[in-house]
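Enquirer: I have a structure I would like to understand better, so I am pasting it below and will then ask my questions one at a time.
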Amino acid sequence: MSRARLNGIEINYDVAGSGPLVVLVMGSGSPGRVWKTHQVPALTAAGYTVVTFDNRGIAPSSECGEGFVLDDLVADTAALIEHLGGMRARVVGTSMGARVTQELALARPDLVSHAVMMATYGRASAMQKALSRGERDLYDAGITLPDSYRAAITAMNNFSPATLRDDTAIGDWLAVLEYSGGAPSAGKRAQIGLEMRAGSERLTAYRRISAKAMVVGFADDRLIPVHLSREVAQSIPGARYEEVSDAGHFGYLERPDVVNSLLVDFLR
């Protein structure tokens, strides 16, 4: 891993492979290394230089527990691309990282040739706002859930019924989630706050995105239902929309072969 001081903070990043640049932007509460399980091997094998990084809020990047806004994450991603040479990049994001990707494509078309947004939205629903408010209030109340319960709730919210029915598969995932969750932190709390402030409608603005774009919805996503992702695709001129069946919010982990095939095909 490497460190760069960008926008007055430390960004922890990693580079793998060789070829055209692909930057992977992770969702809220998770480190960039999550991409290494499936997407980094597939993309490096396809002939790309792949960059993963920890968004501000996730150590060892600066946690910035005092708070930040989505535009800060957009600026961090732009600064990292410039730090790596400033060439136009293929940018792929999921969930919060997808929102960073679409805002980056809008604000800095000089840096984005292709934009892929998985599990994204351009307007926050009432349910999304309520869930984010509840997560924020849970943290502010100083409540730490037992690892076993947090893992079970995370699995219920993020995996499809197909995976939840598979006792072997979900058993493995529960073990991973229980082991890797980590304690709540001020940086993760700040990322939850981004969801709280995401109530403004952005679909109209996305009509100005000029990068080649693909939106991927996960058919069984409870956190970001596919109709919200479809709206983003309909707003971006010429955008491609794909929907992955038997996949929840963690669809890039749950159906990696399908997701990786879509990525390689589109980015090529």
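Within each chain, counting starts at residue 1; across the structure tokens, chains are named A, B, ... in the order shown, with ligands numbered 1 upward in that order.
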Report the residues of stretch 171-227 of chain A whose backbone DSSP state falls under strand (DSSP E), written as number ranges by chain.

Expert: A: 212-218

Enquirer: Would you save the residues from that selection as a short mmCIF file (atom, residue, chain, number, x, y, z; two decimals), in the first residue's frame, using N, CA and C atoms?

Expert:
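Dumped to result-v3.cif:
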data_model
loop_
_atom_site.label_atom_id
_atom_site.label_comp_id
_atom_site.auth_asym_id
_atom_site.auth_seq_id
_atom_site.Cartn_x
_atom_site.Cartn_y
_atom_site.Cartn_z
N LYS A 212 -18.74 7.68 -21.14
CA LYS A 212 -19.46 6.44 -21.41
C LYS A 212 -19.89 5.87 -20.06
N ALA A 213 -21.16 5.53 -19.92
CA ALA A 213 -21.68 5.18 -18.60
C ALA A 213 -22.45 3.87 -18.62
N MET A 214 -22.29 3.12 -17.53
CA MET A 214 -23.10 1.93 -17.31
C MET A 214 -23.56 1.92 -15.86
N VAL A 215 -24.84 1.65 -15.67
CA VAL A 215 -25.42 1.52 -14.33
C VAL A 215 -25.79 0.05 -14.14
N VAL A 216 -25.40 -0.50 -13.00
CA VAL A 216 -25.72 -1.90 -12.68
C VAL A 216 -26.61 -1.91 -11.44
N GLY A 217 -27.80 -2.48 -11.58
CA GLY A 217 -28.68 -2.67 -10.44
C GLY A 217 -28.66 -4.12 -9.99
N PHE A 218 -28.83 -4.34 -8.70
CA PHE A 218 -28.88 -5.69 -8.14
C PHE A 218 -30.34 -5.99 -7.79
#

Enquirer: Using only C-alpha atoms, I'd like a table of the residues in stretch 137-256 of chain A that come within 8 Å of stretch 47-64 of chain A; for each, show the closest atom pair and its distance in Å rounded to one decimal, ordered by chain and ascending number, as JSON lines.

Expert:
{"residue": "A:Ala186", "atom": "CA", "partner": "A:Glu63", "partner_atom": "CA", "distance": 7.1}
{"residue": "A:Gly187", "atom": "CA", "partner": "A:Gly57", "partner_atom": "CA", "distance": 3.8}
{"residue": "A:Lys188", "atom": "CA", "partner": "A:Gly57", "partner_atom": "CA", "distance": 5.5}
{"residue": "A:Ala190", "atom": "CA", "partner": "A:Gly57", "partner_atom": "CA", "distance": 6.7}
{"residue": "A:Gln191", "atom": "CA", "partner": "A:Gly57", "partner_atom": "CA", "distance": 6.5}

Enquirer: Write out, as a short mmCIF file (atom, residue, chain, number, x, y, z; two decimals), in the first residue's frame, the residues just selected, with C-alpha atoms.

Expert:
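And here is the file that came out, selection_14.cif:
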data_model
loop_
_atom_site.label_atom_id
_atom_site.label_comp_id
_atom_site.auth_asym_id
_atom_site.auth_seq_id
_atom_site.Cartn_x
_atom_site.Cartn_y
_atom_site.Cartn_z
CA ALA A 186 -16.08 8.74 13.93
CA GLY A 187 -14.96 8.41 10.30
CA LYS A 188 -17.58 5.77 9.54
CA ALA A 190 -19.22 10.81 8.99
CA GLN A 191 -19.85 8.58 5.98
#

Enquirer: I want to know what sits within 12 Å of A:Lys36, based on only C-alpha atoms, with residues of the same chain fewer than 4 positions away left out; could you give that as a CSV table (one decimal) with N, CA and C atoms, in the first residue's frame?

Expert:
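Below is the file that was written, result-v3.csv:
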chain,number,residue,atom,x,y,z
A,14,ASP,N,-3.6,1.5,-3.3
A,14,ASP,CA,-2.8,0.4,-3.8
A,14,ASP,C,-3.0,0.3,-5.3
A,15,VAL,N,-1.9,-0.1,-6.0
A,15,VAL,CA,-1.9,-0.2,-7.5
A,15,VAL,C,-1.5,-1.6,-7.8
A,16,ALA,N,-2.3,-2.2,-8.8
A,16,ALA,CA,-2.0,-3.6,-9.2
A,16,ALA,C,-2.1,-3.6,-10.8
A,24,LEU,N,-11.3,2.0,-8.6
A,24,LEU,CA,-12.4,1.4,-7.9
A,24,LEU,C,-12.7,2.2,-6.7
A,26,MET,N,-15.0,2.5,-3.3
A,26,MET,CA,-15.8,1.6,-2.4
A,26,MET,C,-17.0,2.4,-1.8
A,31,PRO,N,-13.4,-0.7,3.5
A,31,PRO,CA,-12.1,-0.4,3.0
A,31,PRO,C,-12.0,-0.8,1.5
A,32,GLY,N,-11.1,-0.2,0.8
A,32,GLY,CA,-10.9,-0.5,-0.6
A,32,GLY,C,-10.4,-1.9,-0.8
A,40,VAL,N,-10.4,-6.9,-8.5
A,40,VAL,CA,-9.0,-6.6,-8.9
A,40,VAL,C,-8.4,-7.8,-9.7
A,41,PRO,N,-8.5,-9.0,-9.3
A,41,PRO,CA,-8.0,-10.1,-10.2
A,41,PRO,C,-8.5,-10.1,-11.6
A,42,ALA,N,-9.8,-9.9,-11.7
A,42,ALA,CA,-10.5,-10.0,-13.0
A,42,ALA,C,-10.0,-8.9,-13.9
A,43,LEU,N,-9.9,-7.7,-13.3
A,43,LEU,CA,-9.5,-6.5,-14.1
A,43,LEU,C,-8.0,-6.5,-14.5
A,44,THR,N,-7.2,-6.9,-13.6
A,44,THR,CA,-5.7,-7.0,-13.9
A,44,THR,C,-5.5,-8.1,-15.0
A,50,VAL,N,-5.1,-1.3,-11.9
A,50,VAL,CA,-6.3,-1.2,-11.1
A,50,VAL,C,-5.8,-0.5,-9.7
A,51,VAL,N,-6.5,0.6,-9.4
A,51,VAL,CA,-6.3,1.3,-8.2
A,51,VAL,C,-7.4,1.1,-7.2
A,52,THR,N,-7.1,0.7,-6.0
A,52,THR,CA,-8.1,0.7,-4.9
A,52,THR,C,-7.6,1.6,-3.8
A,53,PHE,N,-8.5,2.2,-3.0
A,53,PHE,CA,-8.1,3.1,-2.0
A,53,PHE,C,-9.1,3.2,-0.9
A,252,TYR,N,-21.7,-7.4,-6.1
A,252,TYR,CA,-20.3,-7.6,-6.6
A,252,TYR,C,-19.5,-8.7,-5.9
A,253,LEU,N,-19.9,-9.0,-4.7
A,253,LEU,CA,-19.4,-10.1,-4.0
A,253,LEU,C,-20.2,-11.4,-4.1
A,256,PRO,N,-20.0,-12.4,-8.4
A,256,PRO,CA,-18.8,-11.8,-9.0
A,256,PRO,C,-18.5,-12.1,-10.4

Enquirer: How many Å lie between atom CA of A:Ala119 and atom CA of A:Gly65, rounded to one decimal?

Expert: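 Separating atom CA of A:Ala119 from atom CA of A:Gly65 is a distance of 25.6 Å.
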
Enquirer: Pick the closest to A:Ala162 from A:Leu267, A:Ala98, A:Ala219, A:Ala45: which is it, counting only C-alpha atoms?

Expert: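 Residue with the minimum atom-to-atom distance to A:Ala162: A:Ala219.
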
Enquirer: Taking only C-alpha atoms into account, which of A:Ser200, A:Ala205, A:Pro237, A:Arg189 comes nearest A:Arg136?

Expert: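 Closest to A:Arg136 of all the choices is A:Arg189.
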
Enquirer: Taking into account only C-alpha atoms, which residue in the set A:Leu73, A:Ala126, A:Val244, A:Ile143 is nearest to A:Pro184?

Expert: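 Of all the options, A:Ile143 lies closest to A:Pro184.
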
Enquirer: Taking only C-alpha atoms into account, which of A:Gln234, A:Asn12, A:Thr163, A:Gln102 comes nearest A:Ser210?

Expert: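 Of A:Gln234, A:Asn12, A:Thr163, A:Gln102, the one nearest A:Ser210, counting only C-alpha atoms, is A:Gln102.
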
Enquirer: Which residues are close to stretch 78-94 of chain A, i.e. within 7 Å by only C-alpha atoms, leaving aside same-chain residues fewer than 3 positions away? Reply as a tab-separated table (two decimals) with N, CA and C atoms, in the first residue's frame.

Expert:
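File written: selection12.tsv
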chain	number	residue	atom	x	y	z
A	6	LEU	N	-3.27	14.37	-0.12
A	6	LEU	CA	-4.09	15.00	-1.14
A	6	LEU	C	-5.21	15.78	-0.45
A	21	LEU	N	-5.84	2.81	-16.89
A	21	LEU	CA	-6.15	2.97	-15.48
A	21	LEU	C	-7.62	2.74	-15.17
A	22	VAL	N	-7.88	1.88	-14.17
A	22	VAL	CA	-9.22	1.68	-13.61
A	22	VAL	C	-9.15	2.03	-12.13
A	23	VAL	N	-10.03	2.91	-11.68
A	23	VAL	CA	-10.09	3.32	-10.28
A	23	VAL	C	-11.39	2.78	-9.68
A	24	LEU	N	-11.27	2.03	-8.58
A	24	LEU	CA	-12.42	1.42	-7.93
A	24	LEU	C	-12.75	2.19	-6.65
A	25	VAL	N	-14.00	2.62	-6.52
A	25	VAL	CA	-14.41	3.47	-5.40
A	25	VAL	C	-15.41	2.70	-4.54
A	26	MET	N	-15.04	2.46	-3.29
A	26	MET	CA	-15.83	1.60	-2.40
A	26	MET	C	-16.99	2.38	-1.77
A	27	GLY	N	-17.96	1.62	-1.26
A	27	GLY	CA	-19.11	2.20	-0.58
A	27	GLY	C	-18.82	2.55	0.86
A	74	VAL	N	-15.43	13.23	-3.81
A	74	VAL	CA	-15.24	13.44	-5.25
A	74	VAL	C	-13.90	14.11	-5.50
A	75	ALA	N	-13.59	15.14	-4.72
A	75	ALA	CA	-12.31	15.84	-4.89
A	75	ALA	C	-11.14	14.93	-4.56
A	97	GLY	N	-19.79	4.84	-3.29
A	97	GLY	CA	-18.75	4.99	-4.30
A	97	GLY	C	-19.32	5.23	-5.68
A	98	ALA	N	-20.51	4.71	-5.95
A	98	ALA	CA	-21.18	4.97	-7.23
A	98	ALA	C	-21.61	6.43	-7.31
A	101	THR	N	-18.66	8.37	-8.10
A	101	THR	CA	-18.30	8.19	-9.51
A	101	THR	C	-19.14	9.07	-10.42
A	110	ASP	N	-12.78	15.69	-17.74
A	110	ASP	CA	-11.42	15.52	-18.23
A	110	ASP	C	-10.71	14.34	-17.60
A	111	LEU	N	-11.25	13.82	-16.49
A	111	LEU	CA	-10.59	12.72	-15.77
A	111	LEU	C	-11.29	11.38	-15.92
A	112	VAL	N	-12.48	11.35	-16.52
A	112	VAL	CA	-13.29	10.12	-16.55
A	112	VAL	C	-13.67	9.78	-17.99
A	113	SER	N	-13.17	8.65	-18.48
A	113	SER	CA	-13.56	8.20	-19.82
A	113	SER	C	-14.77	7.27	-19.76
A	114	HIS	N	-14.80	6.39	-18.76
A	114	HIS	CA	-15.89	5.44	-18.55
A	114	HIS	C	-16.30	5.52	-17.09
A	115	ALA	N	-17.60	5.47	-16.83
A	115	ALA	CA	-18.11	5.50	-15.46
A	115	ALA	C	-19.08	4.34	-15.26
A	116	VAL	N	-18.82	3.54	-14.24
A	116	VAL	CA	-19.71	2.44	-13.89
A	116	VAL	C	-20.24	2.68	-12.49
A	117	MET	N	-21.55	2.69	-12.36
A	117	MET	CA	-22.20	2.92	-11.08
A	117	MET	C	-23.03	1.70	-10.71
A	118	MET	N	-22.65	1.02	-9.64
A	118	MET	CA	-23.39	-0.15	-9.17
A	118	MET	C	-24.17	0.22	-7.91
A	119	ALA	N	-25.45	-0.18	-7.87
A	119	ALA	CA	-26.29	0.10	-6.70
A	119	ALA	C	-26.27	1.58	-6.36
A	120	THR	N	-26.78	2.38	-7.28
A	120	THR	CA	-26.70	3.83	-7.11
A	120	THR	C	-28.08	4.46	-7.13
A	267	LEU	N	-15.81	-1.87	-20.02
A	267	LEU	CA	-14.61	-1.05	-19.95
A	267	LEU	C	-13.73	-1.23	-21.18

Enquirer: Run DSSP on the backbone and give me the residues of stretch 87-240 of chain A it puts in helix (DSSP H, G or I), as a tab-separated table (two decimals) with N, CA and C atoms, in the first residue's frame.

Expert:
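Below you can see selection.tsv, which holds the result:
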chain	number	residue	atom	x	y	z
A	96	MET	N	-22.22	4.22	-2.08
A	96	MET	CA	-21.69	5.57	-1.93
A	96	MET	C	-20.61	5.84	-2.98
A	97	GLY	N	-19.79	4.84	-3.29
A	97	GLY	CA	-18.75	4.99	-4.30
A	97	GLY	C	-19.32	5.23	-5.68
A	98	ALA	N	-20.51	4.71	-5.95
A	98	ALA	CA	-21.18	4.97	-7.23
A	98	ALA	C	-21.61	6.43	-7.31
A	99	ARG	N	-22.09	6.97	-6.20
A	99	ARG	CA	-22.47	8.38	-6.19
A	99	ARG	C	-21.25	9.27	-6.39
A	100	VAL	N	-20.13	8.88	-5.78
A	100	VAL	CA	-18.87	9.61	-6.01
A	100	VAL	C	-18.51	9.55	-7.50
A	101	THR	N	-18.66	8.37	-8.10
A	101	THR	CA	-18.30	8.19	-9.51
A	101	THR	C	-19.14	9.07	-10.42
A	102	GLN	N	-20.45	9.09	-10.22
A	102	GLN	CA	-21.30	9.88	-11.12
A	102	GLN	C	-21.08	11.38	-10.91
A	103	GLU	N	-20.82	11.80	-9.67
A	103	GLU	CA	-20.53	13.21	-9.44
A	103	GLU	C	-19.16	13.60	-10.01
A	104	LEU	N	-18.20	12.68	-9.96
A	104	LEU	CA	-16.88	12.93	-10.55
A	104	LEU	C	-17.00	13.05	-12.06
A	105	ALA	N	-17.76	12.16	-12.68
A	105	ALA	CA	-17.95	12.23	-14.14
A	105	ALA	C	-18.60	13.54	-14.55
A	106	LEU	N	-19.48	14.05	-13.70
A	106	LEU	CA	-20.15	15.32	-13.99
A	106	LEU	C	-19.20	16.50	-13.79
A	107	ALA	N	-18.46	16.50	-12.69
A	107	ALA	CA	-17.63	17.65	-12.33
A	107	ALA	C	-16.30	17.69	-13.08
A	126	ALA	N	-37.47	7.98	1.12
A	126	ALA	CA	-37.79	8.16	2.53
A	126	ALA	C	-37.19	7.05	3.38
A	127	MET	N	-37.21	5.82	2.86
A	127	MET	CA	-36.66	4.70	3.62
A	127	MET	C	-35.15	4.82	3.78
A	128	GLN	N	-34.45	5.24	2.74
A	128	GLN	CA	-33.01	5.43	2.85
A	128	GLN	C	-32.67	6.48	3.90
A	129	LYS	N	-33.42	7.58	3.89
A	129	LYS	CA	-33.18	8.63	4.88
A	129	LYS	C	-33.42	8.12	6.29
A	130	ALA	N	-34.50	7.33	6.47
A	130	ALA	CA	-34.82	6.82	7.79
A	130	ALA	C	-33.74	5.86	8.30
A	131	LEU	N	-33.24	4.98	7.41
A	131	LEU	CA	-32.22	4.03	7.81
A	131	LEU	C	-30.93	4.76	8.19
A	132	SER	N	-30.53	5.75	7.41
A	132	SER	CA	-29.32	6.50	7.72
A	132	SER	C	-29.47	7.26	9.03
A	133	ARG	N	-30.64	7.83	9.25
A	133	ARG	CA	-30.88	8.54	10.50
A	133	ARG	C	-30.77	7.58	11.68
A	134	GLY	N	-31.34	6.38	11.52
A	134	GLY	CA	-31.26	5.41	12.59
A	134	GLY	C	-29.83	4.97	12.88
A	135	GLU	N	-29.02	4.76	11.84
A	135	GLU	CA	-27.63	4.37	12.03
A	135	GLU	C	-26.84	5.48	12.71
A	136	ARG	N	-27.12	6.71	12.33
A	136	ARG	CA	-26.44	7.84	12.97
A	136	ARG	C	-26.82	7.93	14.44
A	137	ASP	N	-28.11	7.79	14.72
A	137	ASP	CA	-28.57	7.88	16.11
A	137	ASP	C	-28.01	6.74	16.96
A	138	LEU	N	-27.88	5.56	16.37
A	138	LEU	CA	-27.30	4.43	17.08
A	138	LEU	C	-25.86	4.73	17.49
A	139	TYR	N	-25.10	5.29	16.57
A	139	TYR	CA	-23.71	5.65	16.88
A	139	TYR	C	-23.67	6.74	17.95
A	140	ASP	N	-24.48	7.77	17.78
A	140	ASP	CA	-24.46	8.91	18.70
A	140	ASP	C	-24.90	8.51	20.11
A	147	ASP	N	-21.06	-8.41	17.90
A	147	ASP	CA	-20.59	-8.77	16.56
A	147	ASP	C	-21.52	-9.76	15.88
A	148	SER	N	-22.03	-10.72	16.63
A	148	SER	CA	-22.89	-11.74	16.03
A	148	SER	C	-24.19	-11.13	15.50
A	149	TYR	N	-24.76	-10.20	16.25
A	149	TYR	CA	-26.01	-9.58	15.82
A	149	TYR	C	-25.77	-8.64	14.65
A	150	ARG	N	-24.70	-7.86	14.73
A	150	ARG	CA	-24.38	-6.94	13.63
A	150	ARG	C	-24.14	-7.72	12.34
A	151	ALA	N	-23.45	-8.86	12.43
A	151	ALA	CA	-23.20	-9.68	11.24
A	151	ALA	C	-24.51	-10.19	10.65
A	152	ALA	N	-25.42	-10.63	11.51
A	152	ALA	CA	-26.70	-11.17	11.02
A	152	ALA	C	-27.52	-10.08	10.34
A	153	ILE	N	-27.58	-8.91	10.94
A	153	ILE	CA	-28.34	-7.80	10.34
A	153	ILE	C	-27.71	-7.36	9.03
A	154	THR	N	-26.39	-7.30	8.98
A	154	THR	CA	-25.70	-6.92	7.75
A	154	THR	C	-26.01	-7.91	6.64
A	155	ALA	N	-25.99	-9.19	6.95
A	155	ALA	CA	-26.29	-10.21	5.95
A	155	ALA	C	-27.73	-10.09	5.46
A	156	MET	N	-28.67	-9.92	6.37
A	156	MET	CA	-30.08	-9.79	5.99
A	156	MET	C	-30.30	-8.60	5.07
A	157	ASN	N	-29.61	-7.51	5.32
A	157	ASN	CA	-29.81	-6.29	4.53
A	157	ASN	C	-29.10	-6.31	3.19
A	158	ASN	N	-28.03	-7.09	3.06
A	158	ASN	CA	-27.15	-6.92	1.90
A	158	ASN	C	-27.07	-8.11	0.96
A	161	PRO	N	-32.20	-13.27	-1.28
A	161	PRO	CA	-32.84	-14.46	-0.73
A	161	PRO	C	-32.16	-15.75	-1.17
A	162	ALA	N	-31.61	-15.78	-2.38
A	162	ALA	CA	-30.93	-16.98	-2.86
A	162	ALA	C	-29.75	-17.33	-1.97
A	163	THR	N	-28.98	-16.35	-1.55
A	163	THR	CA	-27.84	-16.60	-0.67
A	163	THR	C	-28.31	-16.91	0.75
A	164	LEU	N	-29.32	-16.19	1.22
A	164	LEU	CA	-29.81	-16.41	2.58
A	164	LEU	C	-30.40	-17.81	2.75
A	165	ARG	N	-30.90	-18.41	1.66
A	165	ARG	CA	-31.45	-19.77	1.72
A	165	ARG	C	-30.36	-20.84	1.74
A	167	ASP	N	-27.59	-22.43	3.38
A	167	ASP	CA	-27.03	-22.44	4.73
A	167	ASP	C	-25.50	-22.44	4.74
A	168	THR	N	-24.90	-23.14	3.78
A	168	THR	CA	-23.44	-23.18	3.74
A	168	THR	C	-22.87	-21.82	3.37
A	169	ALA	N	-23.42	-21.23	2.31
A	169	ALA	CA	-22.91	-19.94	1.84
A	169	ALA	C	-23.11	-18.86	2.90
A	170	ILE	N	-24.31	-18.78	3.47
A	170	ILE	CA	-24.56	-17.71	4.43
A	170	ILE	C	-23.78	-17.94	5.71
A	171	GLY	N	-23.53	-19.20	6.05
A	171	GLY	CA	-22.69	-19.48	7.21
A	171	GLY	C	-21.29	-18.93	7.04
A	172	ASP	N	-20.75	-19.11	5.84
A	172	ASP	CA	-19.41	-18.57	5.55
A	172	ASP	C	-19.42	-17.04	5.63
A	173	TRP	N	-20.44	-16.43	5.04
A	173	TRP	CA	-20.52	-14.96	5.04
A	173	TRP	C	-20.68	-14.42	6.45
A	174	LEU	N	-21.50	-15.07	7.27
A	174	LEU	CA	-21.68	-14.61	8.65
A	174	LEU	C	-20.36	-14.64	9.41
A	175	ALA	N	-19.56	-15.67	9.18
A	175	ALA	CA	-18.26	-15.76	9.84
A	175	ALA	C	-17.36	-14.60	9.40
A	176	VAL	N	-17.35	-14.31	8.11
A	176	VAL	CA	-16.53	-13.21	7.60
A	176	VAL	C	-17.00	-11.88	8.18
A	177	LEU	N	-18.32	-11.64	8.16
A	177	LEU	CA	-18.86	-10.38	8.64
A	177	LEU	C	-18.62	-10.19	10.14
A	178	GLU	N	-18.74	-11.26	10.90
A	178	GLU	CA	-18.53	-11.16	12.35
A	178	GLU	C	-17.07	-10.86	12.66
A	179	TYR	N	-16.18	-11.43	11.88
A	179	TYR	CA	-14.75	-11.24	12.13
A	179	TYR	C	-14.25	-9.88	11.68
A	180	SER	N	-14.80	-9.37	10.56
A	180	SER	CA	-14.19	-8.21	9.90
A	180	SER	C	-14.90	-6.89	10.15
A	186	ALA	N	-15.58	7.43	14.32
A	186	ALA	CA	-16.08	8.74	13.93
A	186	ALA	C	-16.04	8.91	12.41
A	187	GLY	N	-15.04	8.30	11.76
A	187	GLY	CA	-14.96	8.41	10.30
A	187	GLY	C	-16.10	7.70	9.62
A	188	LYS	N	-16.44	6.49	10.10
A	188	LYS	CA	-17.58	5.77	9.54
A	188	LYS	C	-18.88	6.52	9.82
A	189	ARG	N	-18.97	7.13	10.99
A	189	ARG	CA	-20.15	7.94	11.32
A	189	ARG	C	-20.28	9.10	10.34
A	190	ALA	N	-19.18	9.71	9.96
A	190	ALA	CA	-19.22	10.81	8.99
A	190	ALA	C	-19.71	10.34	7.64
A	191	GLN	N	-19.35	9.11	7.25
A	191	GLN	CA	-19.85	8.58	5.98
A	191	GLN	C	-21.34	8.33	6.03
A	192	ILE	N	-21.85	7.90	7.17
A	192	ILE	CA	-23.30	7.75	7.33
A	192	ILE	C	-23.97	9.11	7.16
A	193	GLY	N	-23.36	10.14	7.67
A	193	GLY	CA	-23.90	11.49	7.54
A	193	GLY	C	-24.04	11.93	6.10
A	194	LEU	N	-23.19	11.40	5.23
A	194	LEU	CA	-23.31	11.74	3.80
A	194	LEU	C	-24.66	11.30	3.27
A	195	GLU	N	-25.11	10.14	3.70
A	195	GLU	CA	-26.41	9.66	3.26
A	195	GLU	C	-27.52	10.58	3.78
A	196	MET	N	-27.35	11.09	4.98
A	196	MET	CA	-28.36	11.98	5.55
A	196	MET	C	-28.50	13.26	4.73
A	205	ALA	N	-29.21	16.97	-13.17
A	205	ALA	CA	-27.81	17.32	-13.41
A	205	ALA	C	-27.09	16.24	-14.20
A	206	TYR	N	-27.48	14.97	-13.99
A	206	TYR	CA	-26.76	13.89	-14.65
A	206	TYR	C	-27.00	13.84	-16.15
A	207	ARG	N	-27.91	14.61	-16.65
A	207	ARG	CA	-28.09	14.72	-18.10
A	207	ARG	C	-26.86	15.32	-18.78
A	208	ARG	N	-25.99	15.95	-17.99
A	208	ARG	CA	-24.79	16.60	-18.55
A	208	ARG	C	-23.57	15.69	-18.51
A	226	VAL	N	-33.75	-1.37	-7.31
A	226	VAL	CA	-33.30	-1.18	-8.68
A	226	VAL	C	-33.99	-0.03	-9.39
A	227	HIS	N	-35.21	0.33	-9.00
A	227	HIS	CA	-35.86	1.43	-9.71
A	227	HIS	C	-35.08	2.73	-9.52
A	228	LEU	N	-34.39	2.89	-8.39
A	228	LEU	CA	-33.58	4.08	-8.18
A	228	LEU	C	-32.34	4.08	-9.07
A	229	SER	N	-31.73	2.91	-9.22
A	229	SER	CA	-30.57	2.80	-10.12
A	229	SER	C	-30.99	3.02	-11.57
A	230	ARG	N	-32.14	2.48	-11.93
A	230	ARG	CA	-32.63	2.63	-13.30
A	230	ARG	C	-32.86	4.10	-13.64
A	231	GLU	N	-33.30	4.88	-12.66
A	231	GLU	CA	-33.51	6.31	-12.89
A	231	GLU	C	-32.21	7.02	-13.27
A	232	VAL	N	-31.12	6.61	-12.65
A	232	VAL	CA	-29.83	7.22	-12.97
A	232	VAL	C	-29.44	6.90	-14.41
A	233	ALA	N	-29.60	5.65	-14.80
A	233	ALA	CA	-29.28	5.26	-16.18
A	233	ALA	C	-30.13	6.02	-17.18
A	234	GLN	N	-31.39	6.22	-16.86
A	234	GLN	CA	-32.29	6.94	-17.77
A	234	GLN	C	-31.93	8.42	-17.86
A	235	SER	N	-31.22	8.94	-16.88
A	235	SER	CA	-30.87	10.36	-16.86
A	235	SER	C	-29.59	10.66	-17.63

Enquirer: Please, what distance in Å, to one decimal, runs between atom CA of A:Gln39 and atom CA of A:Gly248?

Expert: 16.8 Å

Enquirer: What does the structure give for the distance between atom CA of A:Gly182 and atom CA of A:Gly142, in Å to one decimal?

Expert: 14.9 Å
